[in-house]
$ cat start-v4.txt   # compact mmCIF, C-alpha atoms
# COMPACT_ATOMS: atom_id res chain seq x y z
CA MET A 85 0.00 0.00 0.00
CA THR A 86 1.41 3.39 -0.99
CA GLN A 87 1.49 6.37 1.37
CA HIS A 88 -1.09 8.07 -0.87
CA THR A 89 -3.46 5.10 -0.46
CA ILE A 90 -2.90 4.80 3.31
CA PHE A 91 -4.11 8.33 4.05
CA SER A 92 -6.97 8.10 1.56
CA ALA A 93 -8.14 4.89 3.23
CA ARG A 94 -8.08 6.57 6.65
CA ARG A 95 -10.17 9.46 5.37
CA ALA A 96 -12.65 7.01 3.88
CA ARG A 97 -12.94 5.18 7.22
CA LEU A 98 -13.59 8.43 9.03
CA ALA A 99 -16.10 9.63 6.41
CA ALA A 100 -18.11 6.44 6.85
CA GLN A 101 -18.57 7.27 10.54
CA LEU A 102 -19.72 10.89 10.13
CA GLY A 103 -23.33 9.95 9.44
CA ALA A 104 -25.57 11.33 6.73
CA GLY A 105 -24.90 15.01 6.23
CA GLY A 106 -21.82 15.04 8.46
CA VAL A 107 -18.86 17.32 7.72
CA ALA A 108 -15.56 17.25 9.63
CA ILE A 109 -13.10 20.16 9.83
CA ILE A 110 -9.60 19.35 11.09
CA PRO A 111 -6.88 22.03 11.13
CA THR A 112 -3.19 21.39 11.65
CA ALA A 113 -1.18 23.02 14.44
CA PRO A 114 -0.13 26.67 14.18
CA GLU A 115 3.47 27.80 14.19
CA GLN A 116 4.65 28.97 17.63
CA ARG A 117 6.87 31.99 18.28
CA ARG A 118 9.95 31.26 20.42
CA ASN A 119 11.25 34.80 20.76
CA ARG A 120 11.31 37.89 18.54
CA ASP A 121 11.56 36.62 14.95
CA SER A 122 12.42 33.02 15.83
CA ASP A 123 9.86 30.17 15.89
CA TYR A 124 9.95 26.84 17.67
CA PRO A 125 10.66 23.91 15.31
CA TYR A 126 7.34 23.22 13.65
CA ARG A 127 5.40 20.10 14.56
CA HIS A 128 2.12 19.26 12.77
CA ASP A 129 -1.13 18.33 14.50
CA SER A 130 -1.29 14.54 14.90
CA TYR A 131 -4.96 14.18 13.90
CA PHE A 132 -4.44 16.23 10.75
CA TYR A 133 -1.28 14.36 9.77
CA TYR A 134 -2.92 10.98 10.40
CA LEU A 135 -5.50 11.81 7.72
CA THR A 136 -3.30 13.63 5.20
CA GLY A 137 0.41 12.92 5.62
CA PHE A 138 0.88 16.66 5.09
CA ALA A 139 3.38 18.38 7.39
CA GLU A 140 3.16 22.05 6.34
CA PRO A 141 1.61 24.66 8.68
CA ASP A 142 -1.46 26.77 7.81
CA ALA A 143 -3.48 23.83 6.50
CA TRP A 144 -7.03 22.59 6.99
CA LEU A 145 -8.86 19.42 5.97
CA VAL A 146 -12.60 19.37 5.29
CA LEU A 147 -14.14 15.93 4.90
CA ASP A 148 -17.78 15.08 4.24
CA ALA A 149 -19.76 11.89 4.75
CA ALA A 150 -19.59 11.09 1.04
CA GLY A 151 -15.80 10.88 1.36
CA ARG A 152 -14.99 14.09 -0.47
CA SER A 153 -11.91 15.74 1.00
CA THR A 154 -10.93 19.36 0.53
CA LEU A 155 -7.55 20.74 1.56
CA PHE A 156 -6.71 24.35 2.30
CA CYS A 157 -2.97 25.07 2.31
CA ARG A 158 -0.47 27.85 1.78
CA PRO A 159 -0.27 29.07 -1.83
CA LYS A 160 2.95 28.96 -3.79
CA ASP A 161 5.01 32.08 -3.11
CA GLU A 162 8.39 32.28 -4.78
CA GLU A 163 9.66 35.08 -2.56
CA ARG A 164 8.64 33.42 0.74
CA GLU A 165 9.89 30.03 -0.42
CA ILE A 166 13.40 31.50 -0.77
CA TRP A 167 13.33 32.13 2.97
CA THR A 168 11.29 29.24 4.39
CA GLY A 169 11.41 26.43 1.84
CA LEU A 170 9.26 25.04 -0.94
CA ARG A 171 5.51 24.73 -0.50
CA LEU A 172 3.35 22.04 -2.06
CA GLY A 173 0.62 24.51 -3.04
CA PRO A 174 -3.04 23.84 -3.83
CA GLN A 175 -2.46 23.02 -7.50
CA ALA A 176 -0.19 20.05 -6.72
CA ALA A 177 -2.04 18.88 -3.58
CA PRO A 178 -4.73 16.66 -5.17
CA ALA A 179 -2.23 14.52 -7.04
CA ALA A 180 0.27 14.45 -4.17
CA LEU A 181 -2.16 13.79 -1.30
CA GLY A 182 -5.16 12.17 -2.98
CA VAL A 183 -7.63 14.88 -1.95
CA GLU A 184 -10.47 15.76 -4.31
CA ALA A 185 -9.96 19.53 -4.16
CA ALA A 186 -7.45 22.01 -2.78
CA TYR A 187 -7.52 25.79 -2.33
CA SER A 188 -5.35 28.49 -0.88
CA VAL A 189 -5.78 28.91 2.85
CA ASP A 190 -6.50 32.55 2.04
CA GLU A 191 -9.87 31.34 0.70
CA LEU A 192 -10.83 29.47 3.88
CA GLU A 193 -13.29 32.02 5.27
CA GLN A 194 -14.96 32.43 1.88
CA ARG A 195 -15.36 28.73 1.04
CA LEU A 196 -16.09 27.09 4.37
CA PRO A 197 -19.68 28.34 4.70
CA GLN A 198 -20.31 26.94 1.22
CA LEU A 199 -18.91 23.55 2.25
CA LEU A 200 -21.10 23.53 5.36
CA ALA A 201 -24.35 24.58 3.66
CA GLY A 202 -26.91 21.80 3.97
CA ALA A 203 -24.81 19.74 6.37
CA GLN A 204 -26.61 18.17 9.31
CA ALA A 205 -23.68 17.77 11.73
CA LEU A 206 -20.40 19.61 12.12
CA TRP A 207 -17.54 17.53 13.52
CA LEU A 208 -14.64 19.44 15.12
CA PRO A 209 -11.70 18.36 17.29
CA PHE A 210 -12.77 19.41 20.78
CA GLY A 211 -10.24 20.90 23.16
CA VAL A 212 -7.35 20.90 20.68
CA HIS A 213 -7.24 24.19 18.76
CA GLN A 214 -7.70 27.47 20.59
CA GLY A 215 -10.25 29.74 18.93
CA LEU A 216 -11.63 27.06 16.59
CA PHE A 217 -15.15 27.17 18.04
CA GLU A 218 -15.31 30.94 17.69
CA ARG A 219 -14.32 30.69 14.02
CA ALA A 220 -16.85 27.92 13.44
CA GLU A 221 -19.57 30.04 15.01
CA GLY A 222 -18.76 32.75 12.48
CA TRP A 223 -19.23 30.30 9.60
CA LEU A 224 -22.50 29.06 11.04
CA GLU A 225 -23.74 32.61 11.63
CA GLU A 226 -23.15 33.38 7.96
CA LEU A 227 -25.31 30.40 7.04
CA ARG A 228 -28.05 31.36 9.49
CA ALA A 229 -28.28 34.74 7.78
CA LYS A 230 -29.32 32.90 4.60
CA ALA A 231 -32.14 30.92 6.22
CA ARG A 232 -34.81 32.73 4.17
CA ALA A 233 -33.07 31.50 1.04
CA GLY A 234 -33.45 27.94 2.27
CA VAL A 235 -29.85 27.54 3.48
CA GLN A 236 -29.60 25.59 6.72
CA PRO A 237 -26.54 25.36 8.96
CA PRO A 238 -25.59 22.10 10.74
CA ALA A 239 -27.86 21.54 13.72
CA GLN A 240 -25.40 19.33 15.61
CA LEU A 241 -21.85 19.92 16.84
CA ARG A 242 -19.85 16.77 17.55
CA ASP A 243 -16.32 15.79 18.58
CA VAL A 244 -14.37 14.20 15.74
CA CYS A 245 -11.61 13.19 18.20
CA ALA A 246 -13.95 10.54 19.60
CA LEU A 247 -13.87 8.82 16.20
CA LEU A 248 -10.21 9.44 15.43
CA ASP A 249 -9.03 8.30 18.85
CA GLU A 250 -10.52 4.87 18.24
CA MET A 251 -9.01 4.70 14.76
CA ARG A 252 -5.56 5.71 15.97
CA LEU A 253 -5.62 3.29 18.91
CA ILE A 254 -5.16 0.27 16.62
CA LYS A 255 -1.94 0.68 14.62
CA ASP A 256 -1.99 -0.63 11.06
CA GLY A 257 0.94 -2.41 9.43
CA ASP A 258 2.51 0.81 8.16
CA GLU A 259 2.32 2.39 11.60
CA GLN A 260 3.83 -0.68 13.24
CA ARG A 261 6.70 -0.64 10.75
CA LEU A 262 7.44 3.00 11.55
CA MET A 263 7.26 2.36 15.28
CA ARG A 264 9.65 -0.58 15.09
CA ARG A 265 12.13 1.67 13.31
CA ALA A 266 11.58 4.49 15.82
CA GLY A 267 12.21 1.98 18.60
CA ALA A 268 15.45 0.79 17.02
CA ILE A 269 16.73 4.34 16.51
CA SER A 270 15.80 5.28 20.07
CA ALA A 271 17.62 2.22 21.37
CA ALA A 272 20.77 3.16 19.45
CA GLY A 273 20.76 6.52 21.21
CA HIS A 274 20.57 4.88 24.62
CA VAL A 275 23.46 2.54 23.75
CA ARG A 276 25.65 5.48 22.70
CA ALA A 277 24.85 7.41 25.88
CA MET A 278 25.58 4.47 28.16
CA ARG A 279 28.89 3.69 26.50
CA ARG A 280 30.06 7.29 26.51
CA CYS A 281 29.28 7.76 30.18
CA ALA A 282 31.50 4.86 31.25
CA ALA A 283 34.24 5.69 28.71
CA MET A 284 34.58 9.26 29.97
CA LEU A 285 34.94 8.10 33.56
CA ARG A 286 37.56 5.49 32.54
CA ALA A 287 39.48 8.27 30.78
CA GLY A 288 39.44 10.47 33.86
CA GLN A 289 36.90 12.88 32.35
CA GLN A 290 33.71 14.09 33.98
CA PRO A 291 30.53 13.18 32.05
CA CYS A 292 27.56 15.45 32.63
CA GLU A 293 23.91 14.91 31.81
CA TYR A 294 24.21 17.12 28.74
CA HIS A 295 26.99 14.92 27.31
CA LEU A 296 24.60 11.97 27.33
CA GLU A 297 21.77 14.05 25.91
CA ALA A 298 24.09 15.00 23.04
CA GLU A 299 24.64 11.31 22.26
CA LEU A 300 20.90 10.74 22.10
CA LEU A 301 20.37 13.66 19.74
CA HIS A 302 23.26 12.57 17.52
CA ALA A 303 21.94 9.04 17.18
CA PHE A 304 18.39 10.18 16.45
CA ARG A 305 19.28 12.66 13.72
CA ASP A 306 22.07 10.52 12.28
CA ALA A 307 19.56 7.72 11.65
CA GLY A 308 17.07 10.05 9.94
CA ALA A 309 14.63 10.75 12.76
CA GLN A 310 13.26 14.29 12.76
CA GLY A 311 14.14 14.84 16.42
CA VAL A 312 13.00 13.90 19.91
CA ALA A 313 9.49 12.67 20.65
CA TYR A 314 9.58 14.60 23.97
CA PRO A 315 12.24 16.44 25.99
CA SER A 316 14.87 13.89 26.96
CA ILE A 317 15.17 12.95 30.62
CA VAL A 318 18.82 12.39 31.60
CA ALA A 319 19.00 12.26 35.39
CA ALA A 320 22.08 11.42 37.45
CA GLY A 321 22.08 10.42 41.11
CA ALA A 322 19.33 12.06 43.15
CA ASN A 323 17.92 13.66 39.99
CA ALA A 324 16.71 10.20 38.90
CA CYS A 325 14.09 10.41 41.65
CA VAL A 326 12.43 13.34 39.82
CA LEU A 327 10.07 11.71 37.32
CA HIS A 328 10.18 14.39 34.60
CA TYR A 329 13.62 15.83 35.27
CA PRO A 330 14.96 17.61 32.15
CA ALA A 331 18.52 16.84 31.06
CA GLY A 332 20.71 19.38 32.81
CA SER A 333 24.33 19.96 33.73
CA ALA A 334 24.71 17.72 36.77
CA PRO A 335 27.75 15.44 36.76
CA CYS A 336 27.37 11.67 36.36
CA ARG A 337 29.69 10.45 39.10
CA GLU A 338 31.15 7.03 39.80
CA GLY A 339 28.65 5.27 42.03
CA ASP A 340 25.61 7.13 40.62
CA ILE A 341 22.72 5.51 38.86
CA VAL A 342 21.83 7.43 35.70
CA LEU A 343 18.24 7.26 34.45
CA ILE A 344 17.56 8.10 30.80
CA ASP A 345 14.02 8.32 29.44
CA ALA A 346 14.22 9.33 25.79
CA GLY A 347 12.93 8.48 22.35
CA CYS A 348 13.03 9.80 18.83
CA GLU A 349 10.20 10.89 16.57
CA LEU A 350 10.29 9.30 13.13
CA ASP A 351 7.81 10.42 10.47
CA GLY A 352 5.33 11.44 13.15
CA TYR A 353 5.70 8.37 15.41
CA ALA A 354 7.33 8.22 18.84
CA GLY A 355 9.76 5.89 20.49
CA ASP A 356 9.84 5.87 24.31
CA ILE A 357 12.57 4.01 26.21
CA SER A 358 13.83 4.23 29.80
CA ARG A 359 17.04 2.66 31.01
CA SER A 360 18.85 2.97 34.33
CA PHE A 361 22.54 2.16 34.57
CA PRO A 362 25.59 2.72 36.78
CA ALA A 363 27.57 5.73 35.58
CA GLY A 364 30.87 3.89 35.91
CA GLY A 365 29.63 0.65 34.41
CA ARG A 366 29.20 -1.52 37.52
CA PHE A 367 26.19 -1.78 39.81
CA THR A 368 26.76 -1.71 43.55
CA ALA A 369 25.04 -4.51 45.48
CA PRO A 370 22.15 -2.28 46.69
CA GLN A 371 21.69 -0.80 43.21
CA ARG A 372 21.58 -4.26 41.63
CA ALA A 373 19.08 -5.47 44.22
CA LEU A 374 16.70 -2.59 43.43
CA TYR A 375 17.27 -2.97 39.71
CA GLU A 376 16.45 -6.68 39.76
CA VAL A 377 13.15 -5.98 41.53
CA VAL A 378 12.16 -3.49 38.81
CA LEU A 379 13.29 -5.86 36.05
CA ALA A 380 11.24 -8.71 37.54
CA ALA A 381 8.25 -6.38 37.76
CA GLN A 382 8.65 -5.43 34.12
CA GLN A 383 8.79 -9.09 33.08
CA ALA A 384 5.62 -9.80 35.03
CA ALA A 385 3.93 -6.89 33.26
CA ILE A 386 5.15 -8.13 29.86
CA ASP A 387 3.77 -11.60 30.60
CA ALA A 388 0.39 -10.02 31.44
CA CYS A 389 0.24 -7.99 28.22
CA ARG A 390 -1.76 -9.84 25.56
CA ALA A 391 -4.94 -9.56 23.51
CA GLY A 392 -8.00 -10.15 25.67
CA ALA A 393 -6.33 -8.91 28.86
CA ARG A 394 -7.30 -5.60 30.45
CA PHE A 395 -5.13 -2.51 30.15
CA ASP A 396 -4.48 -2.52 33.89
CA ALA A 397 -3.29 -6.15 33.95
CA PRO A 398 0.39 -5.23 33.34
CA HIS A 399 0.22 -2.56 36.05
CA ASN A 400 -1.31 -4.91 38.60
CA ALA A 401 1.25 -7.60 37.82
CA ALA A 402 4.15 -5.15 38.16
CA LEU A 403 2.75 -3.65 41.33
CA ALA A 404 2.63 -7.01 43.11
CA ILE A 405 6.30 -7.73 42.30
CA LEU A 406 7.46 -4.22 43.23
CA THR A 407 5.64 -4.35 46.55
CA GLN A 408 7.04 -7.77 47.42
CA GLY A 409 10.52 -6.52 46.54
CA LEU A 410 10.12 -3.45 48.73
CA LEU A 411 9.15 -5.72 51.63
CA ASP A 412 12.07 -8.08 51.00
CA LEU A 413 14.60 -5.23 50.87
CA GLY A 414 13.29 -3.57 54.02
CA LEU A 415 11.98 -0.45 52.31
CA ILE A 416 8.45 -1.23 53.52
CA ASP A 417 8.24 -1.90 57.25
CA ARG A 418 6.97 -5.46 57.81
CA ARG A 419 5.83 -4.52 61.31
CA ARG A 420 3.18 -2.26 59.77
CA HIS A 421 2.65 -4.25 56.57
CA PRO A 422 3.28 -7.93 57.31
CA ASP A 423 2.58 -9.29 53.83
CA VAL A 424 2.24 -8.16 50.22
CA GLN A 425 -1.56 -8.20 50.28
CA THR A 426 -1.66 -5.83 53.24
CA ALA A 427 1.01 -3.58 51.72
CA LEU A 428 -0.91 -3.41 48.43
CA ALA A 429 -4.23 -2.70 50.15
CA GLN A 430 -2.66 0.11 52.17
CA ARG A 431 -0.69 1.41 49.17
CA ALA A 432 2.56 1.25 51.13
CA TYR A 433 4.46 1.33 47.83
CA LEU A 434 3.42 4.92 47.01
CA PRO A 435 6.53 6.67 48.41
CA PHE A 436 8.62 4.57 46.01
CA TYR A 437 6.29 4.03 43.03
CA MET A 438 3.78 6.74 42.22
CA HIS A 439 3.00 6.36 38.50
CA ARG A 440 1.22 3.86 36.29
CA THR A 441 3.05 1.11 34.43
CA SER A 442 1.76 1.86 30.93
CA HIS A 443 0.36 4.42 28.54
CA TRP A 444 -0.67 4.31 24.89
CA LEU A 445 2.07 5.15 22.40
CA GLY A 446 1.86 6.27 18.79
CA MET A 447 1.94 9.64 17.06
CA ASP A 448 1.93 11.24 20.50
CA VAL A 449 4.15 9.88 23.25
CA HIS A 450 1.08 9.76 25.50
CA ASP A 451 -1.14 8.73 22.64
CA CYS A 452 -4.88 9.16 22.29
CA GLY A 453 -7.45 6.52 23.12
CA SER A 454 -9.68 5.71 26.08
CA TYR A 455 -8.28 3.65 28.94
CA THR A 456 -11.73 2.34 29.88
CA GLU A 457 -13.96 -0.08 28.02
CA ALA A 458 -17.08 1.35 26.38
CA GLY A 459 -20.25 0.23 28.09
CA GLU A 460 -18.41 -1.02 31.19
CA LYS A 461 -18.37 1.80 33.70
CA GLY A 462 -14.88 2.20 35.12
CA ALA A 463 -13.60 -1.09 33.69
CA ALA A 464 -10.14 -1.02 32.12
CA ARG A 465 -9.84 -1.29 28.35
CA ILE A 466 -9.58 -4.73 26.76
CA LEU A 467 -6.34 -5.06 24.79
CA HIS A 468 -6.51 -5.93 21.08
CA PRO A 469 -3.84 -6.80 18.51
CA GLY A 470 -2.25 -3.65 17.09
CA MET A 471 -2.53 -1.56 20.23
CA VAL A 472 0.84 -0.17 21.31
CA LEU A 473 1.68 0.64 24.91
CA THR A 474 4.69 1.21 27.10
CA ILE A 475 5.66 -1.08 29.98
CA GLU A 476 7.62 0.98 32.51
CA PRO A 477 7.72 0.06 36.19
CA GLY A 478 10.13 1.91 38.46
CA LEU A 479 11.35 2.52 41.99
CA TYR A 480 12.49 5.88 43.36
CA VAL A 481 14.16 5.99 46.75
CA ARG A 482 14.66 9.37 48.36
CA PRO A 483 16.30 9.98 51.75
CA ALA A 484 13.68 9.42 54.43
CA GLU A 485 13.39 8.24 58.00
CA GLY A 486 13.18 4.47 58.19
CA VAL A 487 14.53 3.97 54.66
CA PRO A 488 17.91 2.16 54.59
CA GLU A 489 20.59 4.67 53.62
CA ARG A 490 22.26 2.31 51.15
CA TYR A 491 19.30 2.81 48.79
CA TRP A 492 19.03 6.60 49.05
CA ASN A 493 19.04 8.78 45.92
CA THR A 494 18.48 5.84 43.61
CA GLY A 495 15.91 6.07 40.83
CA ILE A 496 15.33 3.13 38.51
CA ARG A 497 12.87 2.89 35.64
CA ILE A 498 12.91 0.28 32.87
CA GLU A 499 10.64 1.03 29.92
CA ASP A 500 10.00 -0.74 26.64
CA ASP A 501 7.43 -0.32 23.89
CA ALA A 502 5.11 -3.23 23.15
CA ILE A 503 2.77 -4.08 20.28
CA VAL A 504 -0.11 -6.24 21.49
CA THR A 505 -0.46 -9.56 19.63
CA ASP A 506 -2.77 -12.56 19.92
CA ALA A 507 0.00 -14.54 21.60
CA GLY A 508 1.25 -11.81 23.93
CA CYS A 509 3.19 -8.73 22.95
CA GLU A 510 6.13 -7.83 20.71
CA LEU A 511 8.79 -5.71 22.39
CA ILE A 512 10.21 -3.30 19.80
CA THR A 513 12.86 -1.54 21.91
CA ARG A 514 15.11 -4.33 23.15
CA ASP A 515 18.10 -3.34 20.98
CA VAL A 516 19.36 -1.75 24.19
CA PRO A 517 19.96 -4.30 26.95
CA VAL A 518 18.02 -4.59 30.21
CA GLU A 519 19.76 -7.43 32.06
CA PRO A 520 22.26 -5.97 34.55
CA ASN A 521 25.12 -8.21 33.37
CA ASP A 522 24.43 -7.18 29.76
CA ILE A 523 24.41 -3.51 30.72
CA GLU A 524 27.77 -3.87 32.45
CA ALA A 525 29.19 -5.71 29.45
CA LEU A 526 27.94 -3.00 27.08
CA MET A 527 29.53 -0.28 29.17
CA ARG A 528 32.91 -2.04 29.09
CA GLN A 529 33.01 -1.73 25.31
CA ASP A 530 35.43 0.74 23.75
CA TYR A 531 34.09 4.14 22.79
CA ILE A 532 36.14 6.71 20.89
CA LEU A 533 36.08 9.99 22.77
CA HIS A 534 36.45 13.15 20.73
CA LYS A 535 38.17 16.17 22.24

$ encode --input "start-v4.txt" --output "structure tokens"
Amino acid sequence: MTQHTIFSARRARLAAQLGAGGVAIIPTAPEQRRNRDSDYPYRHDSYFYYLTGFAEPDAWLVLDAAGRSTLFCRPKDEEREIWTGLRLGPQAAPAALGVEAAYSVDELEQRLPQLLAGAQALWLPFGVHQGLFERAEGWLEELRAKARAGVQPPAQLRDVCALLDEMRLIKDGDEQRLMRRAGAISAAGHVRAMRRCAAMLRAGQQPCEYHLEAELLHAFRDAGAQGVAYPSIVAAGANACVLHYPAGSAPCREGDIVLIDAGCELDGYAGDISRSFPAGGRFTAPQRALYEVVLAAQQAAIDACRAGARFDAPHNAALAILTQGLLDLGLIDRRRHPDVQTALAQRAYLPFYMHRTSHWLGMDVHDCGSYTEAGEKGAARILHPGMVLTIEPGLYVRPAEGVPERYWNTGIRIEDDAIVTDAGCELITRDVPVEPNDIEALMRQDYILHK
């Protein structure tokens, strides 16, 4: 299936769900000013890109229930293109993107009321684009003014995200191929960062968090990814106990655990990997003990991840192993919580594990899609083949009264990306090791340091 056909097929699937007289309007994301005359790197809206494959700003898709798609995009402009790059333009868009019609975005206000005339329902992405509802009200008001001429505006306003979220939740073969590649590129970045950290310490140099972040960025761009899927977390020592710590300038010292949570974005799809490793290449006994608890919890979660299981099954499986490990290591007081069932019921693990084990992954790192099953109030979603989720248990031990000092300032998270299958799940990010012996072996490998 060609790229052209993939996006056309998605639009056809959405059109079939709009109902008689339904029209959907989906804009892409606007450009964002960074400071003065400098913009942030542009990133398209995921819903819009999912339906078009078009990554330019200032674009809108209008789709009706009959399957007719109309694109509004920036017109060709030779002078502006010298400064900001070539534009596809409306004339080339139908052949390039498979849309039935395309116009300059300058004609949007003029043509949209015409495209909405006679429609019964207007579908918009709710809660995504600031000011969209106000603009839509202007288009509808223009139609209401023509009521005496027999022109009727849509009588219903509905959320197109509800339809698109369900479509995007199950990844097709093309999406899975892209995500496997994004996972492999992301893993290569982690391998580079781990090896450089140990090599610098062996050479008597001081690695800092930003050195490791640089390795991630190099690997991502060198392999053709467009950039990071989210700001990279590179956290050394006590910083690893801060869940969303941004890569900074702290040193990665011998004896520290370094936690990296990073992934690339490739053609609109995210990788998301976490690894925790000893800065110098060898775990201490307490670090290894904590690490092995988290690794066992991740394996339990992986074993629980399969079609037909509930979304919360991996989390519950991981939580039981983590809690038992915390009891065994003396981090949870057995005098207050004598067994794992009591500790789980009283949530004694919360000081050390405060997040969920999984989230959906796809075009967004925390991808769209409901976590509860339709028609079953409060019940977790049933997993189906093609769903993609992360599996990422962790333990974070901060200095505290009653907590053994040998574990202080240690944060460990192990995260892989999994495609749900009938038989279980396919891990697509294991090109970077997780076993502690394998991590130590990797970090002993030579790495050429550049001055």

$ atom_distance --input "start-v4.txt" --atom1 "CA of Val481 in chain A" --atom2 "CA of Ile317 in chain A"
17.6 Å

$ closest_atom_pairs --input "start-v4.txt" --of "range 93-170 of chain A" --to "range 335-353 of chain A" --cutoff "9 Å" --atoms "all atoms listed in the file" --output "JSON lines"
{"residue": "A:Arg127", "atom": "CA", "partner": "A:Gly352", "partner_atom": "CA", "distance": 8.8}
{"residue": "A:His128", "atom": "CA", "partner": "A:Gly352", "partner_atom": "CA", "distance": 8.5}
{"residue": "A:Ser130", "atom": "CA", "partner": "A:Gly352", "partner_atom": "CA", "distance": 7.5}
{"residue": "A:Tyr133", "atom": "CA", "partner": "A:Gly352", "partner_atom": "CA", "distance": 8.0}
{"residue": "A:Tyr134", "atom": "CA", "partner": "A:Gly352", "partner_atom": "CA", "distance": 8.7}

$ residues_around --input "start-v4.txt" --residues "Thr136 in chain A" --least-positions-apart "3" --cutoff "9 Å" --atoms "only C-alpha atoms" --output "ChimeraX atom specification"
/A:88,91-92,94-95,131-133,139,145,181-183

$ residues_around --input "start-v4.txt" --residues "Pro125 in chain A" --least-positions-apart "6" --cutoff "12 Å" --atoms "all atoms listed in the file" --output "list in words"
Ala113, Pro114, Glu115, Gln116, Arg117, Arg118, Glu140, Pro141, Gln310, Gly311 and Val312 of chain A

$ residues_around --input "start-v4.txt" --residues "Glu485 in chain A" --least-positions-apart "4" --cutoff "12 Å" --atoms "all atoms listed in the file" --output "VMD selection string"
chain A and resid 415 to 417 435 481 489 492

$ closest_residue --input "start-v4.txt" --among "A:Leu374, A:Asn119, A:Gly392, A:Ala104" --to "Asn493 in chain A" --atoms "only C-alpha atoms"
A:Leu374

$ closest_residue --input "start-v4.txt" --among "A:Ser360, A:Gly508, A:Ile109, A:Gly267" --to "Ala220 in chain A" --atoms "all atoms listed in the file"
A:Ile109

$ residues_around --input "start-v4.txt" --residues "range 197-199 of chain A" --least-positions-apart "5" --cutoff "7 Å" --atoms "all atoms listed in the file" --output "compact mmCIF listing (two decimals) with C-alpha atoms, in the coordinates of the input"
# COMPACT_ATOMS: atom_id res chain seq x y z
CA TRP A 223 -19.23 30.30 9.60
CA LEU A 224 -22.50 29.06 11.04
CA GLU A 226 -23.15 33.38 7.96
CA LEU A 227 -25.31 30.40 7.04

$ atom_distance --input "start-v4.txt" --atom1 "CA of Glu162 in chain A" --atom2 "CA of Gly137 in chain A"
23.4 Å

$ residues_around --input "start-v4.txt" --residues "range 445-458 of chain A" --least-positions-apart "3" --cutoff "8 Å" --atoms "all atoms listed in the file" --output "list of chain:residue names"
A:Ser130, A:Asp249, A:Glu250, A:Arg252, A:Leu253, A:Lys255, A:Met263, A:Ala313, A:Tyr314, A:Gly352, A:Tyr353, A:Ala354, A:Gly355, A:Asp356, A:Phe395, A:Lys461, A:Gly462, A:Ala463, A:Ala464, A:Arg465, A:Ile466, A:Val472, A:Leu473, A:Thr474, A:Asp501

$ write_last_selection --input "start-v4.txt" --atoms "C-alpha atoms" --output "mmCIF file, in the frame of the given file"
data_model
loop_
_atom_site.group_PDB
_atom_site.id
_atom_site.type_symbol
_atom_site.label_atom_id
_atom_site.label_comp_id
_atom_site.auth_asym_id
_atom_site.auth_seq_id
_atom_site.Cartn_x
_atom_site.Cartn_y
_atom_site.Cartn_z
ATOM 1 C CA SER A 130 -1.290 14.540 14.900
ATOM 2 C CA ASP A 249 -9.030 8.300 18.850
ATOM 3 C CA GLU A 250 -10.520 4.870 18.240
ATOM 4 C CA ARG A 252 -5.560 5.710 15.970
ATOM 5 C CA LEU A 253 -5.620 3.290 18.910
ATOM 6 C CA LYS A 255 -1.940 0.680 14.620
ATOM 7 C CA MET A 263 7.260 2.360 15.280
ATOM 8 C CA ALA A 313 9.490 12.670 20.650
ATOM 9 C CA TYR A 314 9.580 14.600 23.970
ATOM 10 C CA GLY A 352 5.330 11.440 13.150
ATOM 11 C CA TYR A 353 5.700 8.370 15.410
ATOM 12 C CA ALA A 354 7.330 8.220 18.840
ATOM 13 C CA GLY A 355 9.760 5.890 20.490
ATOM 14 C CA ASP A 356 9.840 5.870 24.310
ATOM 15 C CA PHE A 395 -5.130 -2.510 30.150
ATOM 16 C CA LYS A 461 -18.370 1.800 33.700
ATOM 17 C CA GLY A 462 -14.880 2.200 35.120
ATOM 18 C CA ALA A 463 -13.600 -1.090 33.690
ATOM 19 C CA ALA A 464 -10.140 -1.020 32.120
ATOM 20 C CA ARG A 465 -9.840 -1.290 28.350
ATOM 21 C CA ILE A 466 -9.580 -4.730 26.760
ATOM 22 C CA VAL A 472 0.840 -0.170 21.310
ATOM 23 C CA LEU A 473 1.680 0.640 24.910
ATOM 24 C CA THR A 474 4.690 1.210 27.100
ATOM 25 C CA ASP A 501 7.430 -0.320 23.890
#

$ closest_residue --input "start-v4.txt" --among "A:Leu406, A:Ala272, A:Ala186, A:Leu296" --to "Arg497 in chain A" --atoms "all atoms listed in the file"
A:Leu406
